[in-house]
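One structure below.
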Amino acid sequence: GSHLAVLSEPTFDKNVKESFRLSVFKTDDFNKIAEKEYSFPVEMERYPRNEVLVNNNGVAFGFKSIRVSGKEFKYYLASVGVESHFQEELDFKEDQLNQSKFIINYEGELVGVGLLAEIKKYTTLWQKTWIMKANSKGVLRSKVEPLGTKLLSNFMNEKRAAKEGAAINYFQLKDLLEKPEGGYLLLTEQLDERKTALPAQPNQAPAYNYRFNYGGIVMISFDETANRDWSTFYDKKQKFESLHPEMQLGSFAYGIANNRLHMIWNYTELHSTITFLKWHWVDQSGDKIAVVDVFGNEAAYPTFLTSVDIEDGSLIYKDRTFSSLPLADIQRENNFPMAVDPNIFFSFSDGIVLLSRMKGEMPKKYKFSWIELE
């Protein structure tokens, strides 16, 4: 980028108010072009959450989340540029912002989304969605709305889904994408992560076994004015155990190409029985499909491509098993069995670069693959 933004704040002092300073520098010569200090009408918190972004015009945005008490949270947005600045409070009333994501759109505006739940509820709950837009002069729109009966009906009966305050649990805000033709796409994924302490000898560092239970994906599309135009749920399940929290192969890689959202993920619910010893899955016709027959001996897990039309949220391959295409050749000609690591990828307008690796805590073999997206 052409500009660098720095958000700085003083060390904790319980006798002063919360504050931070926003500074903007040009990256070609690192000259400072704008700076402003902001003070907020609440006592300083020891661990506030701050985020900072800057656009190519040199306008910086700073977001601050403060826990005043167990019943009160405060949220502020500030901005500074060469010609303008502002500071505003974001009021979520009886709700708290459990997760958020901010991006700079093609117009240089700040766009943010968040998952909200009532204050004093579990922070893993998701009851409402927030979306906002702001420019150098202030907040243009800030909107909060319930998840809605249609979306919630994927997780509960319609009567429960229609009740006020209905919620879903353990969803992680994955990303916020800007659609090429305008509008935004919120991606979330269900994840229940737990750890169990392992027996340790005296004077040994504690060790844990991590269990990752991944569920489905919720996608919510917004138009250019931040109004919701569709939502879709794609159901998948993945389970992994690992001694290292980052060495697991769950979740999904993703990218937008040709007006489609493409998601790539490993299928882990494999079976081996006395009557069918090969590791396999059961397709939508009830047939048992062996991993080795489709993906070869080189695949540690079968990997699938799921595509969604970003105009209406419909699944492209809904007539296929898992509504997905198998990436049958992705591990061919490996010297060792490997699987895609969906947490490391690079998306482009026409494809995705994926990292594959061996299974285990300390894999020794890696490779990159290019997947062209249609």
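Naming scheme: A, B, ... for chains in displayed order of the structure tokens; residues 1 onward per chain; ligands 1 onward as shown.
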*From the DSSP assignment of the backbone, select every residue of region 101-244 of chain A that is alpha helix (DSSP H), and format the answer as a list of chain:residue names.*
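Listing alpha helix (DSSP H) positions across region 101-244 of chain A yields A:Thr149, A:Lys150, A:Leu151, A:Leu152, A:Glu158, A:Lys159, A:Arg160, A:Ala161.
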Export N, CA and C atoms of the chosen residues as a tab-separated table (two decimals), in the first residue's frame?
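Dumped everything to again_17.tsv:
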chain	number	residue	atom	x	y	z
A	149	THR	N	-35.56	-16.37	10.75
A	149	THR	CA	-36.14	-17.71	10.89
A	149	THR	C	-35.63	-18.67	9.83
A	150	LYS	N	-35.50	-18.20	8.59
A	150	LYS	CA	-35.08	-19.08	7.49
A	150	LYS	C	-33.70	-19.66	7.74
A	151	LEU	N	-32.75	-18.82	8.15
A	151	LEU	CA	-31.39	-19.30	8.41
A	151	LEU	C	-31.35	-20.19	9.65
A	152	LEU	N	-32.03	-19.77	10.71
A	152	LEU	CA	-32.02	-20.53	11.96
A	152	LEU	C	-32.69	-21.89	11.81
A	158	GLU	N	-38.80	-24.86	13.20
A	158	GLU	CA	-39.24	-23.53	12.80
A	158	GLU	C	-39.84	-22.74	13.97
A	159	LYS	N	-40.50	-23.44	14.90
A	159	LYS	CA	-41.10	-22.76	16.04
A	159	LYS	C	-40.03	-22.11	16.91
A	160	ARG	N	-38.96	-22.86	17.20
A	160	ARG	CA	-37.86	-22.29	17.98
A	160	ARG	C	-37.14	-21.20	17.22
A	161	ALA	N	-36.98	-21.41	15.91
A	161	ALA	CA	-36.27	-20.43	15.10
A	161	ALA	C	-36.99	-19.09	15.04
*Leaving out region 56-62 of chain A and any residue of its chain fewer than 6 positions from it, which residues lie within 9 Å of it when counting only C-alpha atoms, given as a PyMOL selection string?*
chain A and resi 1-7+20-26+33-34+50+76-82+84-85+108+110+135-136
If you keep N, CA and C atoms, can you produce a file of those selected residues as a compact mmCIF listing (two decimals), in the first residue's frame?
# COMPACT_ATOMS: atom_id res chain seq x y z
N GLY A 1 0.81 -1.19 0.00
CA GLY A 1 0.00 0.00 0.00
C GLY A 1 0.85 1.25 0.00
N SER A 2 0.22 2.39 -0.27
CA SER A 2 0.93 3.65 -0.35
C SER A 2 1.04 4.36 0.99
N HIS A 3 0.30 3.87 1.99
CA HIS A 3 0.31 4.53 3.30
C HIS A 3 0.39 3.49 4.42
N LEU A 4 0.93 3.92 5.54
CA LEU A 4 1.05 3.10 6.75
C LEU A 4 0.36 3.81 7.89
N ALA A 5 -0.50 3.10 8.62
CA ALA A 5 -1.18 3.67 9.78
C ALA A 5 -0.65 3.01 11.04
N VAL A 6 -0.45 3.79 12.08
CA VAL A 6 0.02 3.30 13.37
C VAL A 6 -0.96 3.74 14.45
N LEU A 7 -1.46 2.78 15.23
CA LEU A 7 -2.30 3.08 16.39
C LEU A 7 -1.47 2.81 17.63
N PHE A 20 -6.17 6.71 22.40
CA PHE A 20 -5.14 6.23 21.48
C PHE A 20 -4.79 7.33 20.50
N ARG A 21 -3.68 7.14 19.82
CA ARG A 21 -3.22 8.08 18.80
C ARG A 21 -3.18 7.36 17.46
N LEU A 22 -3.71 8.02 16.43
CA LEU A 22 -3.64 7.52 15.07
C LEU A 22 -2.63 8.36 14.29
N SER A 23 -1.66 7.71 13.66
CA SER A 23 -0.66 8.39 12.85
C SER A 23 -0.63 7.76 11.47
N VAL A 24 -0.45 8.59 10.44
CA VAL A 24 -0.42 8.11 9.06
C VAL A 24 0.88 8.55 8.41
N PHE A 25 1.56 7.60 7.74
CA PHE A 25 2.82 7.88 7.05
C PHE A 25 2.70 7.45 5.59
N LYS A 26 3.42 8.14 4.71
CA LYS A 26 3.57 7.70 3.33
C LYS A 26 4.67 6.65 3.28
N ILE A 33 1.97 12.34 7.51
CA ILE A 33 1.06 13.27 6.84
C ILE A 33 -0.15 13.63 7.70
N ALA A 34 -0.44 12.84 8.72
CA ALA A 34 -1.59 13.13 9.58
C ALA A 34 -1.39 12.44 10.92
N ASN A 50 -8.02 -3.22 20.07
CA ASN A 50 -7.89 -2.16 19.08
C ASN A 50 -7.63 -2.76 17.70
N TYR A 76 -15.94 2.24 19.98
CA TYR A 76 -15.69 3.54 19.36
C TYR A 76 -14.98 3.37 18.03
N LEU A 77 -15.29 4.26 17.11
CA LEU A 77 -14.62 4.31 15.82
C LEU A 77 -14.09 5.72 15.61
N ALA A 78 -12.84 5.83 15.20
CA ALA A 78 -12.21 7.12 14.95
C ALA A 78 -11.46 7.06 13.63
N SER A 79 -11.24 8.23 13.05
CA SER A 79 -10.53 8.29 11.77
C SER A 79 -9.76 9.59 11.68
N VAL A 80 -8.65 9.55 10.94
CA VAL A 80 -7.87 10.76 10.68
C VAL A 80 -7.27 10.68 9.28
N GLY A 81 -7.26 11.81 8.60
CA GLY A 81 -6.62 11.95 7.30
C GLY A 81 -6.06 13.35 7.18
N VAL A 82 -5.58 13.70 6.03
CA VAL A 82 -4.99 15.03 5.84
C VAL A 82 -6.04 16.13 6.00
N SER A 84 -9.51 15.56 7.12
CA SER A 84 -10.70 15.30 7.94
C SER A 84 -10.36 14.35 9.08
N HIS A 85 -11.27 14.34 10.06
CA HIS A 85 -11.17 13.38 11.15
C HIS A 85 -12.54 13.29 11.83
N GLY A 108 -12.35 2.83 -0.96
CA GLY A 108 -11.59 3.40 0.14
C GLY A 108 -12.37 3.58 1.41
N LEU A 110 -14.37 2.18 4.89
CA LEU A 110 -14.25 1.11 5.88
C LEU A 110 -15.56 0.34 5.93
N ASN A 135 -16.75 6.45 5.91
CA ASN A 135 -15.72 7.09 5.10
C ASN A 135 -14.95 8.08 5.96
N SER A 136 -14.21 8.96 5.35
CA SER A 136 -13.35 9.87 6.10
C SER A 136 -14.12 10.86 6.95
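The residue that comes closest to Ala226 (chain A), out of A:Ile264, A:Met247, A:Leu198, A:Ile131 and on the basis of only C-alpha atoms, is A:Ile131.
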*From the DSSP assignment of the backbone, select every residue of region 228-370 of chain A that is strand (DSSP E or B), and format the answer as a ChimeraX atom specification.*
/A:228-234,238-242,252-257,260-266,271,280-282,288-290,299,303-309,315,325-326,338-347,351-357,366-370
*Separation of CA of Ala299 (chain A) and CA of Ile371 (chain A), in Å?*
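These atoms are spaced 16.1 Å apart.
When only C-alpha atoms are used to measure the gap to Ala300 (chain A), the shortest distance among A:Thr188, A:Ser356, A:Gln284, A:Ser347 belongs to A:Ser356.
Neighbours of region 38-47 of chain A closer than or equal to 6 Å, with only C-alpha atoms counted and sequence neighbours fewer than 6 positions away skipped, come out as Phe12, Lys14, Lys17, Glu18, Ser19 and Phe20 of chain A.
Between Gly70 (chain A) and the residues A:Phe102, A:Tyr122, A:Tyr317, A:Tyr366, the shortest atom-to-atom distance, using only C-alpha atoms, involves A:Tyr122.
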